[in-house]
$ cat entry21.csv   # CSV, C-alpha atoms
chain,number,residue,atom,x,y,z
A,17,MET,CA,77.6,128.2,69.0
A,18,LEU,CA,76.9,124.5,68.3
A,19,VAL,CA,79.7,122.0,69.2
A,20,LYS,CA,79.8,118.3,68.6
A,21,TRP,CA,81.5,115.8,70.9
A,22,GLU,CA,81.9,112.1,71.1
A,23,GLY,CA,81.3,111.1,74.7
A,24,ILE,CA,80.4,108.5,77.3
A,25,VAL,CA,78.0,109.4,80.2
A,26,ILE,CA,79.9,108.8,83.5
A,27,ARG,CA,77.5,110.6,85.7
A,28,SER,CA,73.8,111.6,85.5
A,29,VAL,CA,72.0,113.7,88.1
A,30,ASP,CA,68.4,114.7,88.2
A,31,TYR,CA,67.9,118.5,87.9
A,32,GLY,CA,64.5,119.9,88.7
A,33,GLU,CA,61.3,118.1,87.7
A,34,SER,CA,62.3,117.1,84.2
A,35,SER,CA,66.0,117.8,83.5
A,36,LYS,CA,69.3,116.2,84.1
A,37,VAL,CA,72.9,117.4,84.6
A,38,VAL,CA,75.0,114.9,82.6
A,39,THR,CA,78.7,114.5,83.0
A,40,LEU,CA,80.4,113.3,79.8
A,41,PHE,CA,83.9,112.0,79.3
A,42,THR,CA,84.6,113.2,75.7
A,43,ARG,CA,87.2,112.2,73.2
A,44,GLU,CA,87.9,115.8,72.3
A,45,ASN,CA,87.7,117.8,75.6
A,46,GLY,CA,87.9,115.3,78.5
A,47,LYS,CA,85.3,115.6,81.2
A,48,LEU,CA,82.6,118.2,81.1
A,49,GLY,CA,79.0,118.7,82.2
A,50,VAL,CA,76.0,119.5,80.0
A,51,MET,CA,72.4,120.3,80.8
A,52,ALA,CA,69.9,117.9,79.3
A,53,ARG,CA,66.6,119.8,79.5
A,54,GLY,CA,63.5,117.6,79.7
A,55,ALA,CA,65.6,114.4,79.6
A,56,LYS,CA,63.6,112.8,82.4
A,57,LYS,CA,60.4,112.9,80.3
A,58,THR,CA,59.7,109.5,78.9
A,59,LYS,CA,59.3,110.7,75.3
A,60,SER,CA,62.2,113.1,75.4
A,61,ARG,CA,64.7,112.6,72.5
A,62,LEU,CA,67.4,113.1,75.1
A,63,ALA,CA,66.3,110.4,77.5
A,64,ALA,CA,68.3,107.5,76.0
A,65,VAL,CA,71.5,109.5,75.3
A,66,SER,CA,71.6,111.0,78.8
A,67,GLN,CA,71.5,107.6,80.5
A,68,LEU,CA,74.6,106.4,82.5
A,69,PHE,CA,77.2,104.6,80.3
A,70,SER,CA,75.6,105.8,77.0
A,71,HIS,CA,78.2,106.3,74.2
A,72,SER,CA,76.9,108.9,71.7
A,73,TYR,CA,77.7,111.9,69.6
A,74,TYR,CA,76.4,114.9,71.5
A,75,LEU,CA,75.4,118.2,69.8
A,76,CYS,CA,75.5,121.0,72.4
A,77,LYS,CA,74.8,124.7,72.4
A,78,ALA,CA,77.7,126.5,74.2
A,79,GLY,CA,77.5,130.1,75.1
A,80,PRO,CA,80.3,132.7,75.0
A,81,GLY,CA,80.7,132.5,78.8
A,82,THR,CA,81.7,129.7,81.2
A,83,GLY,CA,78.1,128.4,81.7
A,84,MET,CA,77.1,124.8,81.2
A,85,PRO,CA,76.3,123.9,77.6
A,86,ASP,CA,72.8,122.8,76.7
A,87,LEU,CA,72.5,119.4,75.1
A,88,SER,CA,70.5,119.9,71.9
A,89,GLN,CA,70.5,116.3,70.5
A,90,GLY,CA,72.4,113.1,70.6
A,91,ASP,CA,73.2,110.3,68.2
A,92,MET,CA,73.5,107.0,70.1
A,93,LEU,CA,76.5,104.8,69.1
A,94,ASP,CA,76.2,102.2,71.8
A,95,SER,CA,74.0,101.7,74.9
A,96,PHE,CA,76.0,98.7,76.2
A,97,ARG,CA,72.7,96.8,76.6
A,98,ASN,CA,74.3,93.5,77.6
A,99,MET,CA,76.4,95.2,80.3
A,100,ARG,CA,73.3,96.9,81.7
A,101,GLN,CA,71.4,93.6,81.9
A,102,SER,CA,74.1,92.1,84.2
A,103,LEU,CA,74.1,93.3,87.8
A,104,THR,CA,77.8,92.4,88.2
A,105,ALA,CA,78.9,94.1,85.0
A,106,THR,CA,76.8,97.2,85.8
A,107,ALA,CA,78.3,97.4,89.3
A,108,TYR,CA,81.9,97.2,87.9
A,109,ALA,CA,81.0,99.8,85.2
A,110,ALA,CA,79.6,102.2,87.8
A,111,TYR,CA,82.7,101.9,89.9
A,112,ILE,CA,85.0,102.4,86.9
A,113,ALA,CA,83.0,105.5,85.8
A,114,GLU,CA,83.0,107.0,89.3
A,115,LEU,CA,86.8,106.3,89.7
A,116,LEU,CA,87.4,108.1,86.4
A,117,ASP,CA,85.2,111.0,87.4
A,118,ARG,CA,87.0,111.5,90.7
A,119,LEU,CA,90.5,111.3,89.3
A,120,THR,CA,90.1,113.6,86.4
A,121,GLN,CA,89.7,117.4,86.1
A,122,GLU,CA,87.2,119.1,83.9
A,123,LYS,CA,88.1,120.1,80.3
A,124,GLU,CA,91.5,118.3,80.3
A,125,PRO,CA,91.6,116.4,77.0
A,126,ASN,CA,92.8,112.8,77.3
A,127,PRO,CA,92.0,110.7,74.2
A,128,TYR,CA,93.9,107.8,75.8
A,129,LEU,CA,91.6,107.7,78.8
A,130,PHE,CA,88.5,108.0,76.6
A,131,GLN,CA,89.7,105.0,74.5
A,132,LEU,CA,90.5,103.0,77.7
A,133,LEU,CA,87.0,103.6,79.1
A,134,LEU,CA,85.4,102.7,75.7
A,135,HIS,CA,87.3,99.5,75.4
A,136,THR,CA,86.6,98.5,79.0
A,137,PHE,CA,82.9,99.0,78.5
A,138,HIS,CA,82.9,97.1,75.2
A,139,TYR,CA,84.6,94.2,76.9
A,140,LEU,CA,82.2,94.3,79.8
A,141,ASP,CA,79.4,94.3,77.3
A,142,GLU,CA,80.9,91.2,75.6
A,143,GLY,CA,80.9,89.4,79.0
A,144,ARG,CA,84.6,89.4,79.5
A,145,ASP,CA,86.1,89.0,83.0
A,146,ALA,CA,84.8,92.1,84.8
A,147,GLU,CA,87.1,91.7,87.8
A,148,ILE,CA,90.3,91.6,85.7
A,149,LEU,CA,89.1,94.5,83.6
A,150,CYS,CA,88.5,96.4,86.7
A,151,ARG,CA,92.0,95.6,88.0
A,152,ILE,CA,93.5,96.8,84.7
A,153,PHE,CA,91.6,100.0,84.9
A,154,GLU,CA,92.6,100.6,88.5
A,155,THR,CA,96.2,100.1,87.5
A,156,LYS,CA,96.0,102.6,84.7
A,157,MET,CA,94.2,105.2,87.0
A,158,LEU,CA,97.0,104.9,89.6
A,159,ILE,CA,99.3,106.1,86.8
A,160,VAL,CA,97.0,109.0,86.1
A,161,ALA,CA,96.9,109.8,89.8
A,162,GLY,CA,100.8,109.7,90.0
A,163,ILE,CA,101.0,107.0,92.6
A,164,SER,CA,101.7,104.0,90.4
A,165,PRO,CA,103.9,101.4,92.2
A,166,GLN,CA,107.5,100.8,91.0
A,167,LEU,CA,107.6,97.2,89.8
A,168,THR,CA,110.8,96.8,87.9
A,169,ALA,CA,113.3,96.5,90.8
A,170,CYS,CA,113.6,97.1,94.5
A,171,VAL,CA,112.3,100.6,95.2
A,172,ASN,CA,114.8,100.9,98.1
A,173,CYS,CA,118.1,99.7,96.7
A,174,GLY,CA,117.4,99.3,93.0
A,175,GLU,CA,118.5,95.7,92.9
A,176,GLN,CA,116.6,92.9,91.1
A,177,ARG,CA,116.3,90.3,93.8
A,178,GLU,CA,113.4,87.9,94.3
A,179,PRO,CA,111.2,87.1,96.1
A,180,TYR,CA,109.7,90.5,96.3
A,181,ALA,CA,107.2,92.0,98.7
A,182,ILE,CA,105.3,95.2,97.9
A,183,SER,CA,105.6,98.2,100.2
A,184,VAL,CA,102.7,100.6,99.9
A,185,GLY,CA,104.5,103.2,102.1
A,186,GLN,CA,107.7,103.1,100.0
A,187,GLY,CA,105.8,102.8,96.7
A,188,GLY,CA,106.9,99.5,95.2
A,189,LEU,CA,108.8,96.3,95.3
A,190,LEU,CA,111.1,95.4,98.2
A,191,CYS,CA,113.8,92.8,97.8
A,192,PRO,CA,114.5,90.3,100.6
A,193,VAL,CA,117.4,92.4,101.9
A,194,CYS,CA,115.2,95.6,102.1
A,195,GLN,CA,112.0,94.0,103.3
A,196,PRO,CA,112.8,94.6,107.0
A,197,SER,CA,112.6,98.3,106.3
A,198,ASP,CA,108.8,98.0,106.1
A,199,PRO,CA,107.2,95.5,108.5
A,200,TYR,CA,103.9,96.2,106.8
A,201,ALA,CA,105.0,95.2,103.3
A,202,LEU,CA,102.5,93.0,101.5
A,203,ALA,CA,103.6,89.4,100.7
A,204,VAL,CA,102.8,88.6,97.1
A,205,THR,CA,103.4,85.8,94.7
A,206,PRO,CA,105.6,86.5,91.6
A,207,SER,CA,102.4,86.1,89.5
A,208,THR,CA,100.8,89.1,91.3
A,209,TRP,CA,103.6,91.7,90.9
A,210,LYS,CA,104.3,90.5,87.3
A,211,LEU,CA,100.6,90.9,86.4
A,212,LEU,CA,100.6,94.3,87.9
A,213,ARG,CA,103.6,95.3,85.9
A,214,LEU,CA,102.0,94.0,82.8
A,215,PHE,CA,98.8,95.9,83.5
A,216,GLN,CA,100.8,99.1,83.7
A,217,VAL,CA,102.1,98.9,80.1
A,218,PHE,CA,99.4,96.7,78.6
A,219,ASP,CA,97.4,98.0,75.7
A,220,LEU,CA,93.8,97.0,76.4
A,221,GLU,CA,93.0,96.7,72.7
A,222,ARG,CA,95.2,93.6,72.7
A,223,LEU,CA,93.4,91.8,75.5
A,224,GLY,CA,93.1,88.1,75.1
A,225,ASP,CA,92.0,85.5,77.6
A,226,ILE,CA,93.7,85.9,81.0
A,227,GLU,CA,93.4,83.0,83.4
A,228,VAL,CA,94.0,84.2,86.9
A,229,LYS,CA,93.9,82.1,90.0
A,230,PRO,CA,91.6,83.1,92.9
A,231,ALA,CA,94.5,83.7,95.3
A,232,THR,CA,96.2,86.0,92.7
A,233,ARG,CA,93.0,87.9,92.1
A,234,ASN,CA,92.7,88.6,95.8
A,235,GLN,CA,96.3,89.8,96.0
A,236,LEU,CA,95.8,92.1,93.0
A,237,LYS,CA,92.8,93.7,94.5
A,238,HIS,CA,94.4,94.0,97.9
A,239,VAL,CA,97.6,95.7,96.5
A,240,LEU,CA,95.7,98.2,94.3
A,241,ARG,CA,93.1,99.1,96.9
A,242,SER,CA,95.9,99.5,99.5
A,243,PHE,CA,97.6,102.1,97.2
A,244,MET,CA,94.3,103.9,96.6
A,245,ASP,CA,93.4,104.0,100.3
A,246,GLU,CA,96.8,105.2,101.3
A,247,TYR,CA,97.3,108.0,98.8
A,248,LEU,CA,93.8,109.0,97.6
A,249,ASP,CA,91.0,110.4,99.7
A,250,LEU,CA,88.2,108.6,97.8
A,251,ARG,CA,85.0,107.4,99.3
A,252,LEU,CA,83.2,105.9,96.4
A,253,LYS,CA,79.5,104.8,96.8
A,254,SER,CA,80.0,102.4,93.8
A,255,ARG,CA,82.9,100.7,95.5
A,256,ALA,CA,80.9,100.0,98.7
A,257,PHE,CA,78.1,98.4,96.6
A,258,LEU,CA,80.6,96.5,94.5
A,259,GLU,CA,82.3,95.0,97.6
A,260,GLN,CA,78.9,94.1,99.0
A,261,LEU,CA,78.1,92.3,95.7
A,262,GLU,CA,81.4,90.5,95.7
A,263,ARG,CA,80.8,89.3,99.3
A,264,MET,CA,77.4,87.9,98.3
A,265,GLU,CA,78.9,86.1,95.3
A,266,ARG,CA,81.6,84.6,97.4
A,267,MET,CA,78.9,83.3,99.9
A,268,THR,CA,76.8,81.9,97.0
A,269,GLN,CA,79.9,80.2,95.6
A,270,SER,CA,80.8,78.8,99.0
A,271,ASP,CA,77.3,77.4,99.4
A,272,GLN,CA,77.5,75.7,96.0
A,273,ASP,CA,80.9,74.1,96.9

$ encode --input "entry21.csv" --output "structure tokens"
Amino acid sequence: MLVKWEGIVIRSVDYGESSKVVTLFTRENGKLGVMARGAKKTKSRLAAVSQLFSHSYYLCKAGPGTGMPDLSQGDMLDSFRNMRQSLTATAYAAYIAELLDRLTQEKEPNPYLFQLLLHTFHYLDEGRDAEILCRIFETKMLIVAGISPQLTACVNCGEQREPYAISVGQGGLLCPVCQPSDPYALAVTPSTWKLLRLFQVFDLERLGDIEVKPATRNQLKHVLRSFMDEYLDLRLKSRAFLEQLERMERMTQSDQD
């Protein structure tokens, strides 16, 4: 039986001498793996559509059992060429794809996540702020993972009293009265927690220009990564590379200053 899916390649692994096992995140069926036979051959018609990040229509041959479908052909919609030509954008895209891969189950349809990934890649391809796009994506994935911080009032007493700190252990904002209950609560500026709250409900399609100060960027990253490290057992190769790249960029910027 032939089936057609719209998908984005989020993982591609060599299989044997000439083939690849390609993980797609599809609009129709969520995450699933397909066998791209001969895709490693230079002249293969599957070579381009089986590359990481490719957005295509995929025609697959699925059998009656639970075996992996064979990729028969693909119709490329977008290769995100500009994104691939930027080392920084590619590093962020790889991290975003791996994060999505690790936090989703196979064959669980989620058109919202597909659209989120597609918009994120389009913005990266346009040269938009890769770091902020990553922070928005991380915020959305915390919701998917069920560990999103509570950012509307104090998680301990329910009161709305500023200035807030963020408690990773208690799962959200702590007002000044309740902050002694967590000596490890993260001190953040109002801009940081308000941006995080905005990212939780924000529709990425409506993204405009967001100007974020370096100190706020650092706090956003620290809060989001603290939640992931506390509650998720993730060791992402792409994150290690991305952090190495960020360190190199900071050193370059420091030398220029």

$ residues_around --input "entry21.csv" --residues "region 228-232 of chain A" --least-positions-apart "4" --cutoff "12 Å" --atoms "all atoms listed in the file" --output "number ranges by chain"
A: 145, 147-149, 151, 203-212, 236-239, 266

$ closest_residue --input "entry21.csv" --among "A:Lys20, A:Arg100, A:His135, A:Lys123" --to "Asp86 (chain A)" --atoms "all atoms listed in the file"
A:Lys20

$ closest_residue --input "entry21.csv" --among "A:Ala109, A:Leu132, A:Met84, A:Cys150" --to "Arg27 (chain A)" --atoms "only C-alpha atoms"
A:Ala109

$ atom_distance --input "entry21.csv" --atom1 "CA of Ser95 (chain A)" --atom2 "CA of Trp21 (chain A)"
16.5 Å

$ closest_residue --input "entry21.csv" --among "A:Asp141, A:Glu178, A:Glu246, A:Glu154" --to "Thr106 (chain A)" --atoms "only C-alpha atoms"
A:Asp141

$ closest_residue --input "entry21.csv" --among "A:Ile24, A:Ala146, A:Leu250, A:Ala181" --to "Gln166 (chain A)" --atoms "only C-alpha atoms"
A:Ala181

$ closest_residue --input "entry21.csv" --among "A:Gly174, A:Gly54, A:Gly46, A:Pro199" --to "Tyr31 (chain A)" --atoms "only C-alpha atoms"
A:Gly54

$ residues_around --input "entry21.csv" --residues "Phe215 (chain A)" --least-positions-apart "2" --cutoff "8 Å" --atoms "only C-alpha atoms" --output "ChimeraX atom specification"
/A:152,155-156,211-213,217-218

$ residues_near_point --input "entry21.csv" --point "(75.4, 102.7, 69.4)" --cutoff "12 Å" --atoms "all atoms listed in the file" --output "number ranges by chain"
A: 22-24, 64-65, 69-73, 90-97, 134, 138

$ write_last_selection --input "entry21.csv" --atoms "C-alpha atoms" --output "mmCIF file, in the coordinates of the input"
data_model
loop_
_atom_site.group_PDB
_atom_site.id
_atom_site.type_symbol
_atom_site.label_atom_id
_atom_site.label_comp_id
_atom_site.auth_asym_id
_atom_site.auth_seq_id
_atom_site.Cartn_x
_atom_site.Cartn_y
_atom_site.Cartn_z
ATOM 1 C CA GLU A 22 81.900 112.100 71.100
ATOM 2 C CA GLY A 23 81.300 111.100 74.700
ATOM 3 C CA ILE A 24 80.400 108.500 77.300
ATOM 4 C CA ALA A 64 68.300 107.500 76.000
ATOM 5 C CA VAL A 65 71.500 109.500 75.300
ATOM 6 C CA PHE A 69 77.200 104.600 80.300
ATOM 7 C CA SER A 70 75.600 105.800 77.000
ATOM 8 C CA HIS A 71 78.200 106.300 74.200
ATOM 9 C CA SER A 72 76.900 108.900 71.700
ATOM 10 C CA TYR A 73 77.700 111.900 69.600
ATOM 11 C CA GLY A 90 72.400 113.100 70.600
ATOM 12 C CA ASP A 91 73.200 110.300 68.200
ATOM 13 C CA MET A 92 73.500 107.000 70.100
ATOM 14 C CA LEU A 93 76.500 104.800 69.100
ATOM 15 C CA ASP A 94 76.200 102.200 71.800
ATOM 16 C CA SER A 95 74.000 101.700 74.900
ATOM 17 C CA PHE A 96 76.000 98.700 76.200
ATOM 18 C CA ARG A 97 72.700 96.800 76.600
ATOM 19 C CA LEU A 134 85.400 102.700 75.700
ATOM 20 C CA HIS A 138 82.900 97.100 75.200
#

$ atom_distance --input "entry21.csv" --atom1 "CA of Gly185 (chain A)" --atom2 "CA of Val160 (chain A)"
18.6 Å

$ atom_distance --input "entry21.csv" --atom1 "CA of Gln195 (chain A)" --atom2 "CA of Met244 (chain A)"
21.4 Å

$ closest_residue --input "entry21.csv" --among "A:Glu142, A:Leu129, A:Arg177, A:Tyr247" --to "Gly162 (chain A)" --atoms "only C-alpha atoms"
A:Tyr247

$ residues_around --input "entry21.csv" --residues "Val193 (chain A)" --least-positions-apart "2" --cutoff "12 Å" --atoms "only C-alpha atoms" --output "number ranges by chain"
A: 170-181, 189-191, 195-198

$ write_last_selection --input "entry21.csv" --atoms "C-alpha atoms" --output "mmCIF file, in the frame of the given file"
data_model
loop_
_atom_site.group_PDB
_atom_site.id
_atom_site.type_symbol
_atom_site.label_atom_id
_atom_site.label_comp_id
_atom_site.auth_asym_id
_atom_site.auth_seq_id
_atom_site.Cartn_x
_atom_site.Cartn_y
_atom_site.Cartn_z
ATOM 1 C CA CYS A 170 113.600 97.100 94.500
ATOM 2 C CA VAL A 171 112.300 100.600 95.200
ATOM 3 C CA ASN A 172 114.800 100.900 98.100
ATOM 4 C CA CYS A 173 118.100 99.700 96.700
ATOM 5 C CA GLY A 174 117.400 99.300 93.000
ATOM 6 C CA GLU A 175 118.500 95.700 92.900
ATOM 7 C CA GLN A 176 116.600 92.900 91.100
ATOM 8 C CA ARG A 177 116.300 90.300 93.800
ATOM 9 C CA GLU A 178 113.400 87.900 94.300
ATOM 10 C CA PRO A 179 111.200 87.100 96.100
ATOM 11 C CA TYR A 180 109.700 90.500 96.300
ATOM 12 C CA ALA A 181 107.200 92.000 98.700
ATOM 13 C CA LEU A 189 108.800 96.300 95.300
ATOM 14 C CA LEU A 190 111.100 95.400 98.200
ATOM 15 C CA CYS A 191 113.800 92.800 97.800
ATOM 16 C CA GLN A 195 112.000 94.000 103.300
ATOM 17 C CA PRO A 196 112.800 94.600 107.000
ATOM 18 C CA SER A 197 112.600 98.300 106.300
ATOM 19 C CA ASP A 198 108.800 98.000 106.100
#

$ decode --input "entry21.csv" --residues "region 135-149 of chain A" --atoms "N, CA and C atoms" --output "PDB file, in the first residue's frame"
ATOM      1  N   HIS A 135       7.797  26.370  10.946  1.00  0.00           N
ATOM      2  CA  HIS A 135       7.971  27.821  11.078  1.00  0.00           C
ATOM      3  C   HIS A 135       9.353  28.160  11.630  1.00  0.00           C
ATOM      4  N   THR A 136       9.818  27.373  12.604  1.00  0.00           N
ATOM      5  CA  THR A 136      11.138  27.618  13.189  1.00  0.00           C
ATOM      6  C   THR A 136      12.226  27.502  12.128  1.00  0.00           C
ATOM      7  N   PHE A 137      12.160  26.458  11.313  1.00  0.00           N
ATOM      8  CA  PHE A 137      13.154  26.277  10.252  1.00  0.00           C
ATOM      9  C   PHE A 137      13.064  27.379   9.197  1.00  0.00           C
ATOM     10  N   HIS A 138      11.853  27.794   8.865  1.00  0.00           N
ATOM     11  CA  HIS A 138      11.694  28.885   7.899  1.00  0.00           C
ATOM     12  C   HIS A 138      12.342  30.169   8.422  1.00  0.00           C
ATOM     13  N   TYR A 139      12.126  30.470   9.701  1.00  0.00           N
ATOM     14  CA  TYR A 139      12.721  31.677  10.289  1.00  0.00           C
ATOM     15  C   TYR A 139      14.240  31.574  10.352  1.00  0.00           C
ATOM     16  N   LEU A 140      14.754  30.388  10.690  1.00  0.00           N
ATOM     17  CA  LEU A 140      16.205  30.192  10.682  1.00  0.00           C
ATOM     18  C   LEU A 140      16.758  30.390   9.270  1.00  0.00           C
ATOM     19  N   ASP A 141      16.022  29.917   8.271  1.00  0.00           N
ATOM     20  CA  ASP A 141      16.445  30.052   6.889  1.00  0.00           C
ATOM     21  C   ASP A 141      16.458  31.521   6.452  1.00  0.00           C
ATOM     22  N   GLU A 142      15.572  32.316   7.061  1.00  0.00           N
ATOM     23  CA  GLU A 142      15.505  33.745   6.742  1.00  0.00           C
ATOM     24  C   GLU A 142      16.562  34.559   7.486  1.00  0.00           C
ATOM     25  N   GLY A 143      17.301  33.894   8.389  1.00  0.00           N
ATOM     26  CA  GLY A 143      18.335  34.600   9.130  1.00  0.00           C
ATOM     27  C   GLY A 143      17.835  35.301  10.378  1.00  0.00           C
ATOM     28  N   ARG A 144      16.672  34.881  10.877  1.00  0.00           N
ATOM     29  CA  ARG A 144      16.144  35.486  12.098  1.00  0.00           C
ATOM     30  C   ARG A 144      16.979  35.038  13.296  1.00  0.00           C
ATOM     31  N   ASP A 145      16.710  35.627  14.453  1.00  0.00           N
ATOM     32  CA  ASP A 145      17.503  35.409  15.667  1.00  0.00           C
ATOM     33  C   ASP A 145      17.422  33.935  16.109  1.00  0.00           C
ATOM     34  N   ALA A 146      18.480  33.177  15.818  1.00  0.00           N
ATOM     35  CA  ALA A 146      18.481  31.731  16.069  1.00  0.00           C
ATOM     36  C   ALA A 146      18.378  31.423  17.562  1.00  0.00           C
ATOM     37  N   GLU A 147      19.039  32.210  18.392  1.00  0.00           N
ATOM     38  CA  GLU A 147      19.026  31.948  19.827  1.00  0.00           C
ATOM     39  C   GLU A 147      17.630  32.111  20.410  1.00  0.00           C
ATOM     40  N   ILE A 148      16.939  33.190  20.029  1.00  0.00           N
ATOM     41  CA  ILE A 148      15.584  33.425  20.549  1.00  0.00           C
ATOM     42  C   ILE A 148      14.609  32.384  20.004  1.00  0.00           C
ATOM     43  N   LEU A 149      14.761  32.019  18.729  1.00  0.00           N
ATOM     44  CA  LEU A 149      13.917  30.955  18.174  1.00  0.00           C
ATOM     45  C   LEU A 149      14.101  29.659  18.949  1.00  0.00           C
TER      46      LEU A 149
END
